[in-house]
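Note sheet for the following structure.
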Amino acid sequence: NTDEAYQLATRALGLLPAQTPGARRAMVLDTAAELALRRDDRAKAIELWTQAKRADPESEHYSERLTAAQASAAPL
């Protein structure tokens with residue numbers, strides 16, 4: 001159930017302690033972004049991948065996913 005999984009992922013974000021390392025926070029943000037995309041909420045997915053990229057700037061994965069989501073959201 002994508003909707004329930006998305007709710008759980010966003011709840012997990014709220015439960016992460018403030019001192020949670022960036023890479024761990026970014027992984028949860030990535031999961032929530034993937035689920036947002038599956039729910040056809042591209043704007044939320046872009047917002048979450050932007051946060052993931054900020055949380056773990058060394059990771060190429062979040063930059064790639066953000067770029068792909070932005071490109072697919074661009075008007076033709």
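Going through the structure tokens in order, the chains are called A, B, and so on, while each chain numbers its residues from 1 and the ligands are numbered from 1 in the order shown.
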
**Expected answer as a ChimeraX atom specification: alpha helix (DSSP H) residues in chain A** = /A:2-15,22-38,42-55,60-73

**Asked** Which residues, written as a ChimeraX atom specification, have at least one atom at most 9 Å from Arg42 in chain A, with only C-alpha atoms counted and residues fewer than 2 positions away on the same chain left out?
**Response** /A:33,36-40,44-47,69-70,72-73

List the neighbours of Ala52 in chain A out to 8 Å using only C-alpha atoms; skip same-chain residues closer than 6 positions along the sequence, and give me the result as a PDB file with C-alpha atoms, in the first residue's frame.
```
ATOM      1  CA  ARG A  25      18.365  11.280   7.195  1.00  0.00           C
ATOM      2  CA  ALA A  26      18.922  11.417   3.429  1.00  0.00           C
ATOM      3  CA  MET A  27      18.072   7.717   3.085  1.00  0.00           C
ATOM      4  CA  LEU A  29      14.053  11.313   2.683  1.00  0.00           C
ATOM      5  CA  ASP A  30      14.893   9.282  -0.429  1.00  0.00           C
ATOM      6  CA  TYR A  62      20.020  12.180  -4.672  1.00  0.00           C
TER       7      TYR A  62
END
```

**Request:** Fewer than 5 positions away in the same chain doesn't count, so skip those; otherwise give me all residues within 8 Å of Ala9 in chain A, counting only C-alpha atoms, as JSON, numbers by chain.
**Result:** {"A": [28, 29, 31, 32]}

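Among the candidates A:Pro17, A:Ala12, A:Ala71, A:Gln7, the one nearest to Ala43 in chain A when counting only C-alpha atoms is A:Ala71.
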
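Among the candidate residues A:Asp41, A:Leu35, A:Leu66, A:Gln51, the one lying nearest to Ala5 in chain A is A:Leu35, with distances computed using only C-alpha atoms.
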
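When CA of Thr2 in chain A is paired with CA of Gln19 in chain A, their separation reads 28.4 Å.
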
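Checking A:Trp49, A:Arg54, A:Leu8, A:Thr20 one by one against Ala68 in chain A, counting only C-alpha atoms, you find the shortest gap at A:Trp49.
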
**Request:** Compare A:Glu34, A:Tyr6, A:Thr50, A:Pro57 by their minimum atom-to-atom distance to Gly22 in chain A, counting only C-alpha atoms, and give me the closest one.
**Result:** A:Pro57

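As for CA of Ala23 in chain A and CA of Arg11 in chain A, they are spaced 17.7 Å apart.
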